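Shown here: input03.pdb, PDB, C-alpha atoms.
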```pdb
ATOM      1  CA  MET A 997      94.333 128.928  83.792  1.00  0.00           C
ATOM      2  CA  LEU A 998      93.731 125.230  84.306  1.00  0.00           C
ATOM      3  CA  VAL A 999      92.558 124.104  87.726  1.00  0.00           C
ATOM      4  CA  ASN A1000      93.790 120.793  89.075  1.00  0.00           C
ATOM      5  CA  PRO A1001      90.716 118.459  89.014  1.00  0.00           C
ATOM      6  CA  VAL A1002      91.594 117.233  92.484  1.00  0.00           C
ATOM      7  CA  HIS A1003      91.261 120.751  93.846  1.00  0.00           C
ATOM      8  CA  ARG A1004      88.095 121.438  91.896  1.00  0.00           C
ATOM      9  CA  TYR A1005      86.407 118.412  93.440  1.00  0.00           C
ATOM     10  CA  LEU A1006      88.371 118.275  96.694  1.00  0.00           C
ATOM     11  CA  LYS A1007      85.338 117.624  98.891  1.00  0.00           C
ATOM     12  CA  LEU A1008      84.223 114.765  96.646  1.00  0.00           C
ATOM     13  CA  TRP A1009      87.727 113.236  96.576  1.00  0.00           C
ATOM     14  CA  LEU A1010      87.947 113.457 100.360  1.00  0.00           C
ATOM     15  CA  ALA A1011      84.469 111.970 100.810  1.00  0.00           C
ATOM     16  CA  ILE A1012      85.336 109.014  98.582  1.00  0.00           C
ATOM     17  CA  GLY A1013      88.675 108.568 100.363  1.00  0.00           C
ATOM     18  CA  TYR A1014      87.098 108.551 103.805  1.00  0.00           C
ATOM     19  CA  ALA A1015      84.383 106.197 102.529  1.00  0.00           C
ATOM     20  CA  LEU A1016      87.197 103.815 101.509  1.00  0.00           C
ATOM     21  CA  VAL A1017      88.652 104.088 105.012  1.00  0.00           C
ATOM     22  CA  MET A1018      85.245 103.352 106.564  1.00  0.00           C
ATOM     23  CA  LEU A1019      84.779 100.363 104.244  1.00  0.00           C
ATOM     24  CA  VAL A1020      88.147  98.923 105.268  1.00  0.00           C
ATOM     25  CA  ILE A1021      87.277  99.415 108.943  1.00  0.00           C
ATOM     26  CA  TYR A1022      83.870  97.781 108.498  1.00  0.00           C
ATOM     27  CA  LEU A1023      85.229  94.815 106.544  1.00  0.00           C
ATOM     28  CA  SER A1024      88.022  94.369 109.091  1.00  0.00           C
ATOM     29  CA  VAL A1025      85.803  94.223 112.166  1.00  0.00           C
ATOM     30  CA  THR A1026      82.602  92.676 110.836  1.00  0.00           C
ATOM     31  CA  SER A1027      81.850  89.222 112.186  1.00  0.00           C
ATOM     32  CA  ASN A1028      80.628  87.986 108.797  1.00  0.00           C
ATOM     33  CA  PRO A1029      82.806  89.416 106.009  1.00  0.00           C
ATOM     34  CA  PRO A1030      81.836  88.643 102.416  1.00  0.00           C
ATOM     35  CA  ASP A1031      83.423  85.518 100.966  1.00  0.00           C
ATOM     36  CA  SER A1032      85.800  86.337  98.116  1.00  0.00           C
ATOM     37  CA  GLY A1033      85.577  82.810  96.733  1.00  0.00           C
ATOM     38  CA  ILE A1034      89.350  82.799  96.248  1.00  0.00           C
ATOM     39  CA  GLU A1035      91.103  79.800  97.723  1.00  0.00           C
ATOM     40  CA  MET A1036      94.633  81.064  98.270  1.00  0.00           C
ATOM     41  CA  PRO A1037      96.810  80.761 101.365  1.00  0.00           C
ATOM     42  CA  HIS A1038      97.048  84.065 103.221  1.00  0.00           C
ATOM     43  CA  PHE A1039      94.664  85.788 100.804  1.00  0.00           C
ATOM     44  CA  ASP A1040      93.428  87.998 103.638  1.00  0.00           C
ATOM     45  CA  LYS A1041      96.931  89.468 104.018  1.00  0.00           C
ATOM     46  CA  VAL A1042      97.104  90.171 100.288  1.00  0.00           C
ATOM     47  CA  ALA A1043      93.657  91.798 100.433  1.00  0.00           C
ATOM     48  CA  HIS A1044      94.685  93.943 103.431  1.00  0.00           C
ATOM     49  CA  THR A1045      97.848  95.035 101.651  1.00  0.00           C
ATOM     50  CA  LEU A1046      95.889  95.997  98.525  1.00  0.00           C
ATOM     51  CA  ALA A1047      93.286  97.858 100.590  1.00  0.00           C
ATOM     52  CA  TYR A1048      95.870  99.926 102.462  1.00  0.00           C
ATOM     53  CA  PHE A1049      97.862 100.547  99.276  1.00  0.00           C
ATOM     54  CA  SER A1050      94.679 101.769  97.566  1.00  0.00           C
ATOM     55  CA  MET A1051      93.874 104.141 100.415  1.00  0.00           C
ATOM     56  CA  MET A1052      97.405 105.530 100.496  1.00  0.00           C
ATOM     57  CA  ALA A1053      97.449 105.951  96.720  1.00  0.00           C
ATOM     58  CA  TRP A1054      94.080 107.722  96.859  1.00  0.00           C
ATOM     59  CA  PHE A1055      95.198 110.231  99.472  1.00  0.00           C
ATOM     60  CA  ALA A1056      98.606 110.669  97.802  1.00  0.00           C
ATOM     61  CA  GLN A1057      96.720 112.058  94.792  1.00  0.00           C
ATOM     62  CA  ILE A1058      95.187 114.708  97.052  1.00  0.00           C
ATOM     63  CA  TYR A1059      98.125 115.606  99.293  1.00  0.00           C
ATOM     64  CA  HIS A1060     101.402 116.257  97.522  1.00  0.00           C
ATOM     65  CA  LEU A1061     103.635 117.472 100.338  1.00  0.00           C
ATOM     66  CA  LYS A1062     105.993 114.861 101.760  1.00  0.00           C
ATOM     67  CA  LYS A1063     105.001 115.721 105.333  1.00  0.00           C
ATOM     68  CA  GLN A1064     101.303 115.202 104.571  1.00  0.00           C
ATOM     69  CA  ARG A1065     101.990 111.864 102.886  1.00  0.00           C
ATOM     70  CA  ILE A1066     104.095 110.689 105.823  1.00  0.00           C
ATOM     71  CA  ILE A1067     101.305 111.635 108.228  1.00  0.00           C
ATOM     72  CA  TYR A1068      98.767 109.664 106.192  1.00  0.00           C
ATOM     73  CA  ALA A1069     101.122 106.688 105.851  1.00  0.00           C
ATOM     74  CA  LEU A1070     101.710 106.620 109.615  1.00  0.00           C
ATOM     75  CA  SER A1071      97.982 107.015 110.206  1.00  0.00           C
ATOM     76  CA  PHE A1072      97.200 104.026 107.994  1.00  0.00           C
ATOM     77  CA  ILE A1073      99.873 101.954 109.740  1.00  0.00           C
ATOM     78  CA  ALA A1074      98.347 102.887 113.105  1.00  0.00           C
ATOM     79  CA  LEU A1075      94.886 102.048 111.775  1.00  0.00           C
ATOM     80  CA  GLY A1076      96.124  98.627 110.663  1.00  0.00           C
ATOM     81  CA  VAL A1077      97.670  97.934 114.073  1.00  0.00           C
ATOM     82  CA  VAL A1078      94.531  99.019 115.923  1.00  0.00           C
ATOM     83  CA  LEU A1079      92.299  96.911 113.668  1.00  0.00           C
ATOM     84  CA  GLU A1080      94.511  93.858 114.219  1.00  0.00           C
ATOM     85  CA  ILE A1081      94.160  94.362 117.974  1.00  0.00           C
ATOM     86  CA  VAL A1082      90.377  94.784 117.664  1.00  0.00           C
ATOM     87  CA  GLN A1083      90.090  91.615 115.604  1.00  0.00           C
TER
END
```

Please re-express this file's structure in structure tokens.
Amino acid sequence: MLVNPVHRYLKLWLAIGYALVMLVIYLSVTSNPPDSGIEMPHFDKVAHTLAYFSMMAWFAQIYHLKKQRIIYALSFIALGVVLEIVQ
């Protein structure tokens, strides 16, 4: 019987996922974020969108139930709102 690799390494997948969340939080609130070197209008919005998409995609690979995915999506939206307020 084959075991889903996500379930075999669930703790590792979760640790990496939560490390991504912590990285997004740190980069959002740090007073001196790294310079991307990309000169594009509104690049920060594109970067935020990619970061949140990446986190949602990561956790969607772990949690397959619609209810779980909705909870994570709402949690990431709330996180984005809170981080905008903190900034």

| message | Give me, as a PyMOL selection string, all polymer residues having an atom no more than 12 Å from A:Val1077, counting all atoms listed in the file and skipping those fewer than 4 positions away in the same chain. | response | chain A and resi 1021+1024+1044+1048+1070-1073+1081-1083

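Environment of (88.0, 102.8, 110.5): residues at most 12 Å away, judged by all atoms listed in the file, are Gly1013, Tyr1014, Ala1015, Leu1016, Val1017, Met1018, Leu1019, Val1020, Ile1021, Tyr1022, Leu1023, Ser1024, Val1025, Thr1026, Tyr1048, Met1051, Ser1071, Phe1072, Ile1073, Ala1074, Leu1075, Gly1076, Val1077, Val1078, Leu1079, Glu1080 and Val1082 of chain A.
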
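As for atom CA of A:Arg1065 and atom CA of A:Ile1012, they are spaced 17.4 Å apart.
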
| task | Just give me the residues with any atom within 10 Å of (90.4, 111.2, 94.6), file coordinates, counting only C-alpha atoms, written as number ranges by chain. | result | A: 1001-1003, 1005-1013, 1051, 1053-1058

Those selected residues, please, written with C-alpha atoms and delivered as a short mmCIF file (atom, residue, chain, number, x, y, z; two decimals), keeping the file's coordinate frame.
```
data_model
loop_
_atom_site.label_atom_id
_atom_site.label_comp_id
_atom_site.auth_asym_id
_atom_site.auth_seq_id
_atom_site.Cartn_x
_atom_site.Cartn_y
_atom_site.Cartn_z
CA PRO A 1001 90.72 118.46 89.01
CA VAL A 1002 91.59 117.23 92.48
CA HIS A 1003 91.26 120.75 93.85
CA TYR A 1005 86.41 118.41 93.44
CA LEU A 1006 88.37 118.28 96.69
CA LYS A 1007 85.34 117.62 98.89
CA LEU A 1008 84.22 114.76 96.65
CA TRP A 1009 87.73 113.24 96.58
CA LEU A 1010 87.95 113.46 100.36
CA ALA A 1011 84.47 111.97 100.81
CA ILE A 1012 85.34 109.01 98.58
CA GLY A 1013 88.68 108.57 100.36
CA MET A 1051 93.87 104.14 100.42
CA ALA A 1053 97.45 105.95 96.72
CA TRP A 1054 94.08 107.72 96.86
CA PHE A 1055 95.20 110.23 99.47
CA ALA A 1056 98.61 110.67 97.80
CA GLN A 1057 96.72 112.06 94.79
CA ILE A 1058 95.19 114.71 97.05
#
```

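Taking atom CA of A:Met1052 and atom CA of A:Pro1037 as the two end points, the separation is 24.8 Å.
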
| field | Point-to-point distance from atom CA of A:His1060 to atom CA of A:Leu1046, Å rounded to tenths | value | 21.0 Å

Would you compute the box with edges along x, y and z of the file around stretch 1053-1056 of chain A, including every atom the file lists for it and 5 Å extra on each side, and give its centre and edge lengths in Å to one decimal, as lines of an AutoDock Vina configuration file?
```
center_x = 96.3
center_y = 108.3
center_z = 98.1
size_x = 14.5
size_y = 14.7
size_z = 12.8
```

Would it be fine to have stretch 1016-1029 of chain A, with all heavy atoms, given as a compact mmCIF listing (two decimals), in the first residue's frame?
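out.txt, freshly written:
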```
# COMPACT_ATOMS: atom_id res chain seq x y z
N LEU A 1016 7.37 29.39 6.20
CA LEU A 1016 6.99 30.34 5.14
C LEU A 1016 6.11 31.45 5.70
O LEU A 1016 6.30 32.62 5.37
CB LEU A 1016 6.23 29.62 4.01
CG LEU A 1016 7.03 28.69 3.11
CD1 LEU A 1016 6.09 27.91 2.21
CD2 LEU A 1016 8.02 29.49 2.28
N VAL A 1017 5.17 31.09 6.55
CA VAL A 1017 4.30 32.09 7.18
C VAL A 1017 5.13 33.06 8.01
O VAL A 1017 4.95 34.28 7.93
CB VAL A 1017 3.20 31.42 8.04
CG1 VAL A 1017 2.41 32.45 8.82
CG2 VAL A 1017 2.27 30.59 7.16
N MET A 1018 6.06 32.53 8.80
CA MET A 1018 6.90 33.39 9.64
C MET A 1018 7.78 34.29 8.78
O MET A 1018 8.01 35.46 9.12
CB MET A 1018 7.76 32.54 10.59
CG MET A 1018 6.95 31.73 11.58
SD MET A 1018 5.80 32.71 12.56
CE MET A 1018 6.93 33.67 13.52
N LEU A 1019 8.27 33.79 7.66
CA LEU A 1019 9.09 34.60 6.76
C LEU A 1019 8.27 35.75 6.18
O LEU A 1019 8.75 36.89 6.13
CB LEU A 1019 9.66 33.73 5.64
CG LEU A 1019 10.52 34.45 4.60
CD1 LEU A 1019 11.78 35.02 5.25
CD2 LEU A 1019 10.89 33.51 3.47
N VAL A 1020 7.05 35.46 5.77
CA VAL A 1020 6.18 36.53 5.24
C VAL A 1020 5.90 37.57 6.32
O VAL A 1020 5.95 38.78 6.05
CB VAL A 1020 4.87 35.93 4.68
CG1 VAL A 1020 3.84 37.01 4.42
CG2 VAL A 1020 5.15 35.15 3.41
N ILE A 1021 5.64 37.13 7.53
CA ILE A 1021 5.39 38.08 8.63
C ILE A 1021 6.63 38.93 8.87
O ILE A 1021 6.55 40.16 8.95
CB ILE A 1021 4.97 37.33 9.91
CG1 ILE A 1021 3.58 36.71 9.72
CG2 ILE A 1021 4.98 38.29 11.11
CD1 ILE A 1021 3.17 35.78 10.84
N TYR A 1022 7.79 38.29 8.95
CA TYR A 1022 9.03 39.04 9.19
C TYR A 1022 9.29 40.06 8.08
O TYR A 1022 9.59 41.22 8.35
CB TYR A 1022 10.22 38.08 9.31
CG TYR A 1022 11.54 38.81 9.31
CD1 TYR A 1022 11.95 39.51 10.44
CD2 TYR A 1022 12.36 38.83 8.18
CE1 TYR A 1022 13.15 40.21 10.44
CE2 TYR A 1022 13.54 39.51 8.16
CZ TYR A 1022 13.94 40.21 9.31
OH TYR A 1022 15.12 40.91 9.30
N LEU A 1023 9.19 39.62 6.83
CA LEU A 1023 9.48 40.52 5.72
C LEU A 1023 8.44 41.64 5.61
O LEU A 1023 8.73 42.71 5.09
CB LEU A 1023 9.55 39.74 4.41
CG LEU A 1023 10.75 38.80 4.28
CD1 LEU A 1023 10.64 37.97 3.01
CD2 LEU A 1023 12.07 39.57 4.31
N SER A 1024 7.24 41.40 6.12
CA SER A 1024 6.19 42.42 6.07
C SER A 1024 6.37 43.50 7.12
O SER A 1024 6.00 44.64 6.89
CB SER A 1024 4.81 41.78 6.24
OG SER A 1024 4.53 40.92 5.16
N VAL A 1025 6.93 43.14 8.27
CA VAL A 1025 7.01 44.11 9.36
C VAL A 1025 8.42 44.63 9.63
O VAL A 1025 8.58 45.55 10.42
CB VAL A 1025 6.42 43.55 10.68
CG1 VAL A 1025 4.95 43.21 10.51
CG2 VAL A 1025 7.19 42.35 11.17
N THR A 1026 9.42 44.06 8.97
CA THR A 1026 10.77 44.52 9.20
C THR A 1026 10.94 45.96 8.70
O THR A 1026 10.34 46.35 7.70
CB THR A 1026 11.82 43.60 8.56
OG1 THR A 1026 13.12 44.04 8.94
CG2 THR A 1026 11.72 43.60 7.05
N SER A 1027 11.75 46.72 9.38
CA SER A 1027 11.95 48.12 8.99
C SER A 1027 12.93 48.24 7.83
O SER A 1027 13.01 49.28 7.19
CB SER A 1027 12.45 48.93 10.18
OG SER A 1027 13.68 48.39 10.64
N ASN A 1028 13.69 47.19 7.55
CA ASN A 1028 14.68 47.24 6.48
C ASN A 1028 14.60 45.97 5.64
O ASN A 1028 15.49 45.12 5.71
CB ASN A 1028 16.08 47.41 7.09
CG ASN A 1028 17.11 47.74 6.04
OD1 ASN A 1028 16.78 48.11 4.93
ND2 ASN A 1028 18.37 47.58 6.40
N PRO A 1029 13.54 45.85 4.81
CA PRO A 1029 13.41 44.63 4.01
C PRO A 1029 14.49 44.57 2.93
O PRO A 1029 15.01 45.60 2.51
CB PRO A 1029 12.03 44.76 3.38
CG PRO A 1029 11.74 46.21 3.38
CD PRO A 1029 12.47 46.79 4.55
```
